[in-house]
Amino acid sequence: MKKWNIRSIFKEMVTITAAVFILTNIISYVRKPELVQTKLPNIEAALLDGSQFKVEKGKPLVIHFWATWCPTCKLEAPNIERVSKKYEVLTIAVNSGDDKKIKTYLKERGLTFKVLNDSDGKWARQFKVEAFPTTFIYDGQGELRFTEVGYTTTAGLLARLGFL
């Protein structure tokens, strides 16, 4: 019988954490959308707050697809909020109801990031998004540099953006 002590518990925790990290990265890679083009499309759209969004060249851009009904998206939302305070972030709420429902969702969680309501899934189809959340990071020249499917940490996003 194995004797448990602090060292063996720590070793088990590290092993499990490493296995989960590897598994989530494999899943993210397998579920990553296969885009025909890696160049950022021209996006001009009305946002939930009534403002217009237009891609600004010369700045990195994070495009984050999420949904109000997605449990992982709820966990990840504070990370996206923190990143949106420092970088240009466009979030796209897919099949999440009308503007009022999404605004209520955002207000209840104290979220202020830019939101495009993709009520019919048009934008998700254009980016070939099939799983939520999905995050794309484009550099200042509009070239796709990173895609993540699933949960992303604030540190992970900031580290990737810091290299652009």
# chains A, B, ... in the order shown; residues from 1 in each chain; ligands from 1
>>> select_by_dssp(residues="chain A", states="alpha helix (DSSP H)", output="PDB file with N, CA and C atoms, in the first residue's frame")
ATOM      1  N   ILE A   6       3.263  14.642   1.990  1.00  0.00           N
ATOM      2  CA  ILE A   6       3.207  15.916   1.248  1.00  0.00           C
ATOM      3  C   ILE A   6       3.923  15.798  -0.094  1.00  0.00           C
ATOM      4  N   ARG A   7       5.066  15.166  -0.087  1.00  0.00           N
ATOM      5  CA  ARG A   7       5.847  15.041  -1.332  1.00  0.00           C
ATOM      6  C   ARG A   7       5.103  14.206  -2.383  1.00  0.00           C
ATOM      7  N   SER A   8       4.521  13.083  -1.988  1.00  0.00           N
ATOM      8  CA  SER A   8       3.814  12.238  -2.959  1.00  0.00           C
ATOM      9  C   SER A   8       2.520  12.911  -3.440  1.00  0.00           C
ATOM     10  N   ILE A   9       1.848  13.629  -2.566  1.00  0.00           N
ATOM     11  CA  ILE A   9       0.650  14.365  -2.970  1.00  0.00           C
ATOM     12  C   ILE A   9       1.024  15.454  -3.977  1.00  0.00           C
ATOM     13  N   PHE A  10       2.091  16.182  -3.703  1.00  0.00           N
ATOM     14  CA  PHE A  10       2.555  17.234  -4.613  1.00  0.00           C
ATOM     15  C   PHE A  10       2.931  16.638  -5.974  1.00  0.00           C
ATOM     16  N   LYS A  11       3.632  15.504  -5.943  1.00  0.00           N
ATOM     17  CA  LYS A  11       4.033  14.835  -7.188  1.00  0.00           C
ATOM     18  C   LYS A  11       2.802  14.428  -7.999  1.00  0.00           C
ATOM     19  N   GLU A  12       1.789  13.886  -7.340  1.00  0.00           N
ATOM     20  CA  GLU A  12       0.543  13.496  -8.019  1.00  0.00           C
ATOM     21  C   GLU A  12      -0.159  14.714  -8.613  1.00  0.00           C
ATOM     22  N   MET A  13      -0.187  15.806  -7.865  1.00  0.00           N
ATOM     23  CA  MET A  13      -0.835  17.029  -8.349  1.00  0.00           C
ATOM     24  C   MET A  13      -0.118  17.571  -9.582  1.00  0.00           C
ATOM     25  N   VAL A  14       1.206  17.566  -9.569  1.00  0.00           N
ATOM     26  CA  VAL A  14       1.989  18.043 -10.711  1.00  0.00           C
ATOM     27  C   VAL A  14       1.742  17.145 -11.925  1.00  0.00           C
ATOM     28  N   THR A  15       1.721  15.846 -11.706  1.00  0.00           N
ATOM     29  CA  THR A  15       1.475  14.901 -12.801  1.00  0.00           C
ATOM     30  C   THR A  15       0.098  15.107 -13.410  1.00  0.00           C
ATOM     31  N   ILE A  16      -0.915  15.238 -12.575  1.00  0.00           N
ATOM     32  CA  ILE A  16      -2.280  15.450 -13.055  1.00  0.00           C
ATOM     33  C   ILE A  16      -2.387  16.784 -13.797  1.00  0.00           C
ATOM     34  N   THR A  17      -1.792  17.834 -13.245  1.00  0.00           N
ATOM     35  CA  THR A  17      -1.822  19.146 -13.889  1.00  0.00           C
ATOM     36  C   THR A  17      -1.152  19.090 -15.256  1.00  0.00           C
ATOM     37  N   ALA A  18      -0.012  18.441 -15.336  1.00  0.00           N
ATOM     38  CA  ALA A  18       0.692  18.317 -16.621  1.00  0.00           C
ATOM     39  C   ALA A  18      -0.148  17.529 -17.627  1.00  0.00           C
ATOM     40  N   ALA A  19      -0.770  16.457 -17.172  1.00  0.00           N
ATOM     41  CA  ALA A  19      -1.610  15.643 -18.064  1.00  0.00           C
ATOM     42  C   ALA A  19      -2.804  16.440 -18.578  1.00  0.00           C
ATOM     43  N   VAL A  20      -3.446  17.199 -17.694  1.00  0.00           N
ATOM     44  CA  VAL A  20      -4.587  18.030 -18.104  1.00  0.00           C
ATOM     45  C   VAL A  20      -4.128  19.099 -19.098  1.00  0.00           C
ATOM     46  N   PHE A  21      -2.986  19.724 -18.828  1.00  0.00           N
ATOM     47  CA  PHE A  21      -2.439  20.746 -19.730  1.00  0.00           C
ATOM     48  C   PHE A  21      -2.185  20.165 -21.118  1.00  0.00           C
ATOM     49  N   ILE A  22      -1.550  19.023 -21.169  1.00  0.00           N
ATOM     50  CA  ILE A  22      -1.247  18.375 -22.449  1.00  0.00           C
ATOM     51  C   ILE A  22      -2.534  17.983 -23.166  1.00  0.00           C
ATOM     52  N   LEU A  23      -3.457  17.394 -22.445  1.00  0.00           N
ATOM     53  CA  LEU A  23      -4.722  16.970 -23.035  1.00  0.00           C
ATOM     54  C   LEU A  23      -5.511  18.157 -23.584  1.00  0.00           C
ATOM     55  N   THR A  24      -5.604  19.247 -22.837  1.00  0.00           N
ATOM     56  CA  THR A  24      -6.357  20.415 -23.317  1.00  0.00           C
ATOM     57  C   THR A  24      -5.707  21.030 -24.544  1.00  0.00           C
ATOM     58  N   ASN A  25      -4.378  21.010 -24.607  1.00  0.00           N
ATOM     59  CA  ASN A  25      -3.705  21.535 -25.796  1.00  0.00           C
ATOM     60  C   ASN A  25      -3.931  20.645 -27.013  1.00  0.00           C
ATOM     61  N   ILE A  26      -3.967  19.350 -26.809  1.00  0.00           N
ATOM     62  CA  ILE A  26      -4.260  18.428 -27.918  1.00  0.00           C
ATOM     63  C   ILE A  26      -5.688  18.648 -28.414  1.00  0.00           C
ATOM     64  N   ILE A  27      -6.627  18.750 -27.479  1.00  0.00           N
ATOM     65  CA  ILE A  27      -8.028  18.986 -27.852  1.00  0.00           C
ATOM     66  C   ILE A  27      -8.160  20.312 -28.588  1.00  0.00           C
ATOM     67  N   SER A  28      -7.491  21.349 -28.088  1.00  0.00           N
ATOM     68  CA  SER A  28      -7.543  22.656 -28.750  1.00  0.00           C
ATOM     69  C   SER A  28      -6.998  22.573 -30.170  1.00  0.00           C
ATOM     70  N   TYR A  29      -5.904  21.857 -30.342  1.00  0.00           N
ATOM     71  CA  TYR A  29      -5.303  21.725 -31.669  1.00  0.00           C
ATOM     72  C   TYR A  29      -6.231  20.970 -32.623  1.00  0.00           C
ATOM     73  N   VAL A  30      -6.826  19.900 -32.142  1.00  0.00           N
ATOM     74  CA  VAL A  30      -7.709  19.086 -32.978  1.00  0.00           C
ATOM     75  C   VAL A  30      -8.975  19.851 -33.356  1.00  0.00           C
ATOM     76  N   ARG A  31      -9.514  20.635 -32.423  1.00  0.00           N
ATOM     77  CA  ARG A  31     -10.774  21.355 -32.670  1.00  0.00           C
ATOM     78  C   ARG A  31     -10.568  22.724 -33.288  1.00  0.00           C
ATOM     79  N   PRO A  71     -20.691  27.116 -20.324  1.00  0.00           N
ATOM     80  CA  PRO A  71     -20.111  27.173 -18.974  1.00  0.00           C
ATOM     81  C   PRO A  71     -18.635  27.598 -18.973  1.00  0.00           C
ATOM     82  N   THR A  72     -17.859  27.131 -19.939  1.00  0.00           N
ATOM     83  CA  THR A  72     -16.441  27.504 -19.993  1.00  0.00           C
ATOM     84  C   THR A  72     -16.297  28.991 -20.302  1.00  0.00           C
ATOM     85  N   CYS A  73     -17.185  29.519 -21.141  1.00  0.00           N
ATOM     86  CA  CYS A  73     -17.155  30.945 -21.474  1.00  0.00           C
ATOM     87  C   CYS A  73     -17.378  31.799 -20.227  1.00  0.00           C
ATOM     88  N   LYS A  74     -18.257  31.335 -19.339  1.00  0.00           N
ATOM     89  CA  LYS A  74     -18.526  32.064 -18.094  1.00  0.00           C
ATOM     90  C   LYS A  74     -17.276  32.130 -17.233  1.00  0.00           C
ATOM     91  N   LEU A  75     -16.541  31.020 -17.170  1.00  0.00           N
ATOM     92  CA  LEU A  75     -15.304  30.989 -16.383  1.00  0.00           C
ATOM     93  C   LEU A  75     -14.218  31.870 -16.994  1.00  0.00           C
ATOM     94  N   GLU A  76     -14.187  31.912 -18.314  1.00  0.00           N
ATOM     95  CA  GLU A  76     -13.130  32.631 -19.025  1.00  0.00           C
ATOM     96  C   GLU A  76     -13.399  34.128 -19.168  1.00  0.00           C
ATOM     97  N   ALA A  77     -14.643  34.557 -19.033  1.00  0.00           N
ATOM     98  CA  ALA A  77     -15.019  35.956 -19.270  1.00  0.00           C
ATOM     99  C   ALA A  77     -14.168  36.976 -18.497  1.00  0.00           C
ATOM    100  N   PRO A  78     -13.862  36.758 -17.207  1.00  0.00           N
ATOM    101  CA  PRO A  78     -13.016  37.732 -16.509  1.00  0.00           C
ATOM    102  C   PRO A  78     -11.616  37.865 -17.139  1.00  0.00           C
ATOM    103  N   ASN A  79     -11.097  36.782 -17.706  1.00  0.00           N
ATOM    104  CA  ASN A  79      -9.792  36.836 -18.371  1.00  0.00           C
ATOM    105  C   ASN A  79      -9.869  37.732 -19.608  1.00  0.00           C
ATOM    106  N   ILE A  80     -10.938  37.565 -20.387  1.00  0.00           N
ATOM    107  CA  ILE A  80     -11.123  38.380 -21.581  1.00  0.00           C
ATOM    108  C   ILE A  80     -11.317  39.841 -21.180  1.00  0.00           C
ATOM    109  N   GLU A  81     -12.046  40.071 -20.113  1.00  0.00           N
ATOM    110  CA  GLU A  81     -12.259  41.438 -19.607  1.00  0.00           C
ATOM    111  C   GLU A  81     -10.921  42.106 -19.278  1.00  0.00           C
ATOM    112  N   ARG A  82     -10.045  41.393 -18.554  1.00  0.00           N
ATOM    113  CA  ARG A  82      -8.740  41.960 -18.185  1.00  0.00           C
ATOM    114  C   ARG A  82      -7.894  42.267 -19.418  1.00  0.00           C
ATOM    115  N   VAL A  83      -7.893  41.375 -20.380  1.00  0.00           N
ATOM    116  CA  VAL A  83      -7.107  41.585 -21.602  1.00  0.00           C
ATOM    117  C   VAL A  83      -7.668  42.775 -22.387  1.00  0.00           C
ATOM    118  N   SER A  84      -8.991  42.943 -22.375  1.00  0.00           N
ATOM    119  CA  SER A  84      -9.624  44.028 -23.131  1.00  0.00           C
ATOM    120  C   SER A  84      -9.258  45.407 -22.583  1.00  0.00           C
ATOM    121  N   ASP A  99     -30.224  41.386 -28.050  1.00  0.00           N
ATOM    122  CA  ASP A  99     -29.306  42.334 -27.418  1.00  0.00           C
ATOM    123  C   ASP A  99     -29.599  42.517 -25.935  1.00  0.00           C
ATOM    124  N   LYS A 100     -30.882  42.602 -25.577  1.00  0.00           N
ATOM    125  CA  LYS A 100     -31.254  42.817 -24.178  1.00  0.00           C
ATOM    126  C   LYS A 100     -30.763  41.674 -23.293  1.00  0.00           C
ATOM    127  N   LYS A 101     -30.924  40.446 -23.755  1.00  0.00           N
ATOM    128  CA  LYS A 101     -30.487  39.287 -22.976  1.00  0.00           C
ATOM    129  C   LYS A 101     -28.963  39.317 -22.762  1.00  0.00           C
ATOM    130  N   ILE A 102     -28.228  39.652 -23.807  1.00  0.00           N
ATOM    131  CA  ILE A 102     -26.760  39.691 -23.692  1.00  0.00           C
ATOM    132  C   ILE A 102     -26.336  40.849 -22.797  1.00  0.00           C
ATOM    133  N   LYS A 103     -26.972  42.003 -22.928  1.00  0.00           N
ATOM    134  CA  LYS A 103     -26.642  43.154 -22.071  1.00  0.00           C
ATOM    135  C   LYS A 103     -26.874  42.809 -20.601  1.00  0.00           C
ATOM    136  N   THR A 104     -27.965  42.112 -20.313  1.00  0.00           N
ATOM    137  CA  THR A 104     -28.254  41.688 -18.939  1.00  0.00           C
ATOM    138  C   THR A 104     -27.167  40.746 -18.441  1.00  0.00           C
ATOM    139  N   TYR A 105     -26.785  39.802 -19.256  1.00  0.00           N
ATOM    140  CA  TYR A 105     -25.719  38.845 -18.933  1.00  0.00           C
ATOM    141  C   TYR A 105     -24.425  39.590 -18.584  1.00  0.00           C
ATOM    142  N   LEU A 106     -24.051  40.559 -19.420  1.00  0.00           N
ATOM    143  CA  LEU A 106     -22.824  41.328 -19.211  1.00  0.00           C
ATOM    144  C   LEU A 106     -22.900  42.145 -17.912  1.00  0.00           C
ATOM    145  N   LYS A 107     -24.027  42.811 -17.716  1.00  0.00           N
ATOM    146  CA  LYS A 107     -24.192  43.655 -16.533  1.00  0.00           C
ATOM    147  C   LYS A 107     -24.113  42.839 -15.249  1.00  0.00           C
ATOM    148  N   GLU A 108     -24.773  41.681 -15.228  1.00  0.00           N
ATOM    149  CA  GLU A 108     -24.759  40.810 -14.037  1.00  0.00           C
ATOM    150  C   GLU A 108     -23.342  40.364 -13.678  1.00  0.00           C
ATOM    151  N   ARG A 109     -22.459  40.306 -14.658  1.00  0.00           N
ATOM    152  CA  ARG A 109     -21.095  39.824 -14.428  1.00  0.00           C
ATOM    153  C   ARG A 109     -20.051  40.943 -14.432  1.00  0.00           C
ATOM    154  N   LYS A 122     -23.687  33.965 -38.258  1.00  0.00           N
ATOM    155  CA  LYS A 122     -23.006  34.332 -39.510  1.00  0.00           C
ATOM    156  C   LYS A 122     -21.487  34.480 -39.315  1.00  0.00           C
ATOM    157  N   TRP A 123     -21.103  35.190 -38.274  1.00  0.00           N
ATOM    158  CA  TRP A 123     -19.670  35.410 -38.030  1.00  0.00           C
ATOM    159  C   TRP A 123     -18.978  34.116 -37.625  1.00  0.00           C
ATOM    160  N   ALA A 124     -19.647  33.319 -36.820  1.00  0.00           N
ATOM    161  CA  ALA A 124     -19.077  32.032 -36.411  1.00  0.00           C
ATOM    162  C   ALA A 124     -18.833  31.152 -37.632  1.00  0.00           C
ATOM    163  N   ARG A 125     -19.760  31.147 -38.561  1.00  0.00           N
ATOM    164  CA  ARG A 125     -19.574  30.361 -39.794  1.00  0.00           C
ATOM    165  C   ARG A 125     -18.410  30.906 -40.618  1.00  0.00           C
ATOM    166  N   GLN A 126     -18.298  32.217 -40.707  1.00  0.00           N
ATOM    167  CA  GLN A 126     -17.209  32.815 -41.488  1.00  0.00           C
ATOM    168  C   GLN A 126     -15.844  32.407 -40.922  1.00  0.00           C
ATOM    169  N   THR A 154      -5.666  34.585 -18.521  1.00  0.00           N
ATOM    170  CA  THR A 154      -5.251  35.969 -18.769  1.00  0.00           C
ATOM    171  C   THR A 154      -3.760  35.991 -19.087  1.00  0.00           C
ATOM    172  N   ALA A 155      -2.968  35.294 -18.294  1.00  0.00           N
ATOM    173  CA  ALA A 155      -1.516  35.271 -18.499  1.00  0.00           C
ATOM    174  C   ALA A 155      -1.170  34.698 -19.874  1.00  0.00           C
ATOM    175  N   GLY A 156      -1.855  33.649 -20.266  1.00  0.00           N
ATOM    176  CA  GLY A 156      -1.593  33.035 -21.572  1.00  0.00           C
ATOM    177  C   GLY A 156      -1.881  34.002 -22.712  1.00  0.00           C
ATOM    178  N   LEU A 157      -3.011  34.686 -22.634  1.00  0.00           N
ATOM    179  CA  LEU A 157      -3.359  35.667 -23.669  1.00  0.00           C
ATOM    180  C   LEU A 157      -2.374  36.818 -23.699  1.00  0.00           C
ATOM    181  N   LEU A 158      -2.061  37.366 -22.528  1.00  0.00           N
ATOM    182  CA  LEU A 158      -1.127  38.500 -22.466  1.00  0.00           C
ATOM    183  C   LEU A 158       0.259  38.101 -22.965  1.00  0.00           C
ATOM    184  N   ALA A 159       0.708  36.895 -22.631  1.00  0.00           N
ATOM    185  CA  ALA A 159       2.010  36.423 -23.109  1.00  0.00           C
ATOM    186  C   ALA A 159       2.027  36.334 -24.630  1.00  0.00           C
ATOM    187  N   ARG A 160       0.968  35.790 -25.211  1.00  0.00           N
ATOM    188  CA  ARG A 160       0.914  35.673 -26.676  1.00  0.00           C
ATOM    189  C   ARG A 160       0.860  37.043 -27.326  1.00  0.00           C
ATOM    190  N   LEU A 161       0.101  37.959 -26.757  1.00  0.00           N
ATOM    191  CA  LEU A 161       0.013  39.306 -27.317  1.00  0.00           C
ATOM    192  C   LEU A 161       1.320  40.072 -27.145  1.00  0.00           C
ATOM    193  N   GLY A 162       2.047  39.781 -26.075  1.00  0.00           N
ATOM    194  CA  GLY A 162       3.315  40.458 -25.826  1.00  0.00           C
ATOM    195  C   GLY A 162       4.384  40.120 -26.850  1.00  0.00           C
TER     196      GLY A 162
END
>>> select_by_dssp(residues="chain A", states="strand (DSSP E or B)", output="MDAnalysis selection string")
chainID A and resid 39 44:46 52:54 61:66 88:94 114:118 134:138 143:149
>>> write_last_selection(atoms="N, CA and C atoms", output="tab-separated table (two decimals), in the first residue's frame")
chain	number	residue	atom	x	y	z
A	39	LYS	N	-5.43	35.75	-43.12
A	39	LYS	CA	-5.50	37.21	-43.07
A	39	LYS	C	-6.82	37.63	-42.42
A	44	GLU	N	-16.61	45.29	-40.20
A	44	GLU	CA	-17.30	46.52	-39.87
A	44	GLU	C	-18.68	46.10	-39.40
A	45	ALA	N	-18.98	46.38	-38.14
A	45	ALA	CA	-20.25	45.91	-37.59
A	45	ALA	C	-20.69	46.77	-36.42
A	46	ALA	N	-21.99	46.77	-36.20
A	46	ALA	CA	-22.57	47.47	-35.05
A	46	ALA	C	-22.39	46.61	-33.80
A	52	GLN	N	-19.82	51.54	-33.59
A	52	GLN	CA	-19.40	50.79	-34.77
A	52	GLN	C	-18.00	50.24	-34.53
A	53	PHE	N	-17.78	49.01	-34.91
A	53	PHE	CA	-16.45	48.42	-34.82
A	53	PHE	C	-15.87	48.36	-36.22
A	54	LYS	N	-14.61	48.76	-36.32
A	54	LYS	CA	-13.87	48.66	-37.58
A	54	LYS	C	-12.45	48.26	-37.23
A	61	LEU	N	-5.16	42.32	-32.59
A	61	LEU	CA	-6.60	42.20	-32.32
A	61	LEU	C	-6.90	40.79	-31.83
A	62	VAL	N	-7.65	40.73	-30.74
A	62	VAL	CA	-8.16	39.46	-30.23
A	62	VAL	C	-9.62	39.38	-30.63
A	63	ILE	N	-9.99	38.28	-31.30
A	63	ILE	CA	-11.39	38.03	-31.60
A	63	ILE	C	-11.79	36.79	-30.81
A	64	HIS	N	-12.77	36.98	-29.95
A	64	HIS	CA	-13.16	35.94	-29.01
A	64	HIS	C	-14.63	35.56	-29.23
A	65	PHE	N	-14.87	34.32	-29.65
A	65	PHE	CA	-16.22	33.80	-29.84
A	65	PHE	C	-16.66	33.11	-28.56
A	66	TRP	N	-17.85	33.44	-28.10
A	66	TRP	CA	-18.37	32.89	-26.86
A	66	TRP	C	-19.89	32.82	-26.93
A	88	GLU	N	-6.84	45.57	-27.96
A	88	GLU	CA	-8.07	45.61	-28.74
A	88	GLU	C	-8.69	44.22	-28.75
A	89	VAL	N	-9.91	44.11	-28.23
A	89	VAL	CA	-10.60	42.83	-28.16
A	89	VAL	C	-12.01	43.02	-28.72
A	90	LEU	N	-12.38	42.15	-29.63
A	90	LEU	CA	-13.74	42.09	-30.14
A	90	LEU	C	-14.30	40.74	-29.73
A	91	THR	N	-15.35	40.75	-28.93
A	91	THR	CA	-15.98	39.48	-28.58
A	91	THR	C	-17.23	39.33	-29.43
A	92	ILE	N	-17.52	38.09	-29.78
A	92	ILE	CA	-18.68	37.79	-30.61
A	92	ILE	C	-19.53	36.76	-29.88
A	93	ALA	N	-20.71	37.22	-29.44
A	93	ALA	CA	-21.65	36.35	-28.72
A	93	ALA	C	-22.49	35.61	-29.75
A	94	VAL	N	-22.34	34.30	-29.80
A	94	VAL	CA	-22.97	33.47	-30.83
A	94	VAL	C	-24.23	32.79	-30.30
A	114	LYS	N	-16.10	44.80	-25.68
A	114	LYS	CA	-16.90	45.04	-26.88
A	114	LYS	C	-17.56	43.74	-27.33
A	115	VAL	N	-18.86	43.84	-27.65
A	115	VAL	CA	-19.62	42.65	-28.03
A	115	VAL	C	-20.37	42.88	-29.34
A	116	LEU	N	-20.20	41.95	-30.24
A	116	LEU	CA	-20.98	41.89	-31.46
A	116	LEU	C	-21.95	40.72	-31.27
A	117	ASN	N	-23.24	40.98	-31.44
A	117	ASN	CA	-24.24	39.92	-31.26
A	117	ASN	C	-24.38	39.16	-32.58
A	118	ASP	N	-23.90	37.94	-32.58
A	118	ASP	CA	-23.98	37.06	-33.76
A	118	ASP	C	-25.18	36.14	-33.58
A	134	THR	N	-13.79	30.10	-28.54
A	134	THR	CA	-12.70	30.05	-29.51
A	134	THR	C	-12.12	31.45	-29.63
A	135	THR	N	-10.80	31.53	-29.55
A	135	THR	CA	-10.12	32.82	-29.56
A	135	THR	C	-9.09	32.85	-30.69
A	136	PHE	N	-9.09	33.95	-31.44
A	136	PHE	CA	-8.12	34.20	-32.49
A	136	PHE	C	-7.31	35.43	-32.11
A	137	ILE	N	-6.00	35.38	-32.34
A	137	ILE	CA	-5.16	36.56	-32.12
A	137	ILE	C	-4.48	36.89	-33.44
A	138	TYR	N	-4.71	38.13	-33.89
A	138	TYR	CA	-4.10	38.64	-35.12
A	138	TYR	C	-3.06	39.69	-34.76
A	143	GLU	N	-2.37	39.42	-39.62
A	143	GLU	CA	-2.04	38.02	-39.86
A	143	GLU	C	-2.39	37.20	-38.62
A	144	LEU	N	-3.06	36.07	-38.81
A	144	LEU	CA	-3.42	35.19	-37.70
A	144	LEU	C	-2.15	34.61	-37.08
A	145	ARG	N	-2.00	34.78	-35.77
A	145	ARG	CA	-0.82	34.28	-35.07
A	145	ARG	C	-1.13	33.16	-34.08
A	146	PHE	N	-2.40	33.09	-33.64
A	146	PHE	CA	-2.71	32.11	-32.62
A	146	PHE	C	-4.21	31.83	-32.61
A	147	THR	N	-4.56	30.57	-32.40
A	147	THR	CA	-5.95	30.16	-32.24
A	147	THR	C	-6.04	29.24	-31.04
A	148	GLU	N	-7.04	29.46	-30.21
A	148	GLU	CA	-7.25	28.62	-29.02
A	148	GLU	C	-8.72	28.23	-28.95
A	149	VAL	N	-8.97	26.96	-28.74
A	149	VAL	CA	-10.33	26.48	-28.51
A	149	VAL	C	-10.38	26.02	-27.06
>>> closest_residue(among="A:Trp69, A:Tyr151, A:Phe113, A:Phe132", to="Tyr87 of chain A", atoms="only C-alpha atoms")
A:Phe113
>>> atom_distance(atom1="atom CA of Pro60 of chain A", atom2="atom CA of Gly150 of chain A")
20.6 Å
>>> closest_residue(among="A:Leu48, A:Ala67, A:Val55, A:Leu40", to="Glu130 of chain A", atoms="only C-alpha atoms")
A:Ala67
>>> decode(residues="segment 131-142 of chain A", atoms="N, CA and C atoms", output="CSV table (one decimal), in the first residue's frame")
chain,number,residue,atom,x,y,z
A,131,ALA,N,-16.8,25.3,-31.8
A,131,ALA,CA,-16.8,25.0,-30.3
A,131,ALA,C,-16.5,26.3,-29.6
A,132,PHE,N,-17.0,26.4,-28.4
A,132,PHE,CA,-16.9,27.7,-27.6
A,132,PHE,C,-16.3,27.4,-26.3
A,133,PRO,N,-15.5,28.3,-25.8
A,133,PRO,CA,-15.0,29.5,-26.5
A,133,PRO,C,-13.9,29.2,-27.5
A,134,THR,N,-13.8,30.1,-28.5
A,134,THR,CA,-12.7,30.0,-29.5
A,134,THR,C,-12.1,31.4,-29.6
A,135,THR,N,-10.8,31.5,-29.5
A,135,THR,CA,-10.1,32.8,-29.6
A,135,THR,C,-9.1,32.9,-30.7
A,136,PHE,N,-9.1,34.0,-31.4
A,136,PHE,CA,-8.1,34.2,-32.5
A,136,PHE,C,-7.3,35.4,-32.1
A,137,ILE,N,-6.0,35.4,-32.3
A,137,ILE,CA,-5.2,36.6,-32.1
A,137,ILE,C,-4.5,36.9,-33.4
A,138,TYR,N,-4.7,38.1,-33.9
A,138,TYR,CA,-4.1,38.6,-35.1
A,138,TYR,C,-3.1,39.7,-34.8
A,139,ASP,N,-2.0,39.7,-35.5
A,139,ASP,CA,-0.9,40.7,-35.3
A,139,ASP,C,-1.4,42.1,-35.9
A,140,GLY,N,-0.5,43.1,-35.8
A,140,GLY,CA,-0.8,44.4,-36.3
A,140,GLY,C,-1.0,44.5,-37.8
A,141,GLN,N,-0.5,43.5,-38.5
A,141,GLN,CA,-0.6,43.5,-40.0
A,141,GLN,C,-1.8,42.6,-40.4
A,142,GLY,N,-2.6,42.2,-39.4
A,142,GLY,CA,-3.8,41.4,-39.7
A,142,GLY,C,-3.5,39.9,-40.1
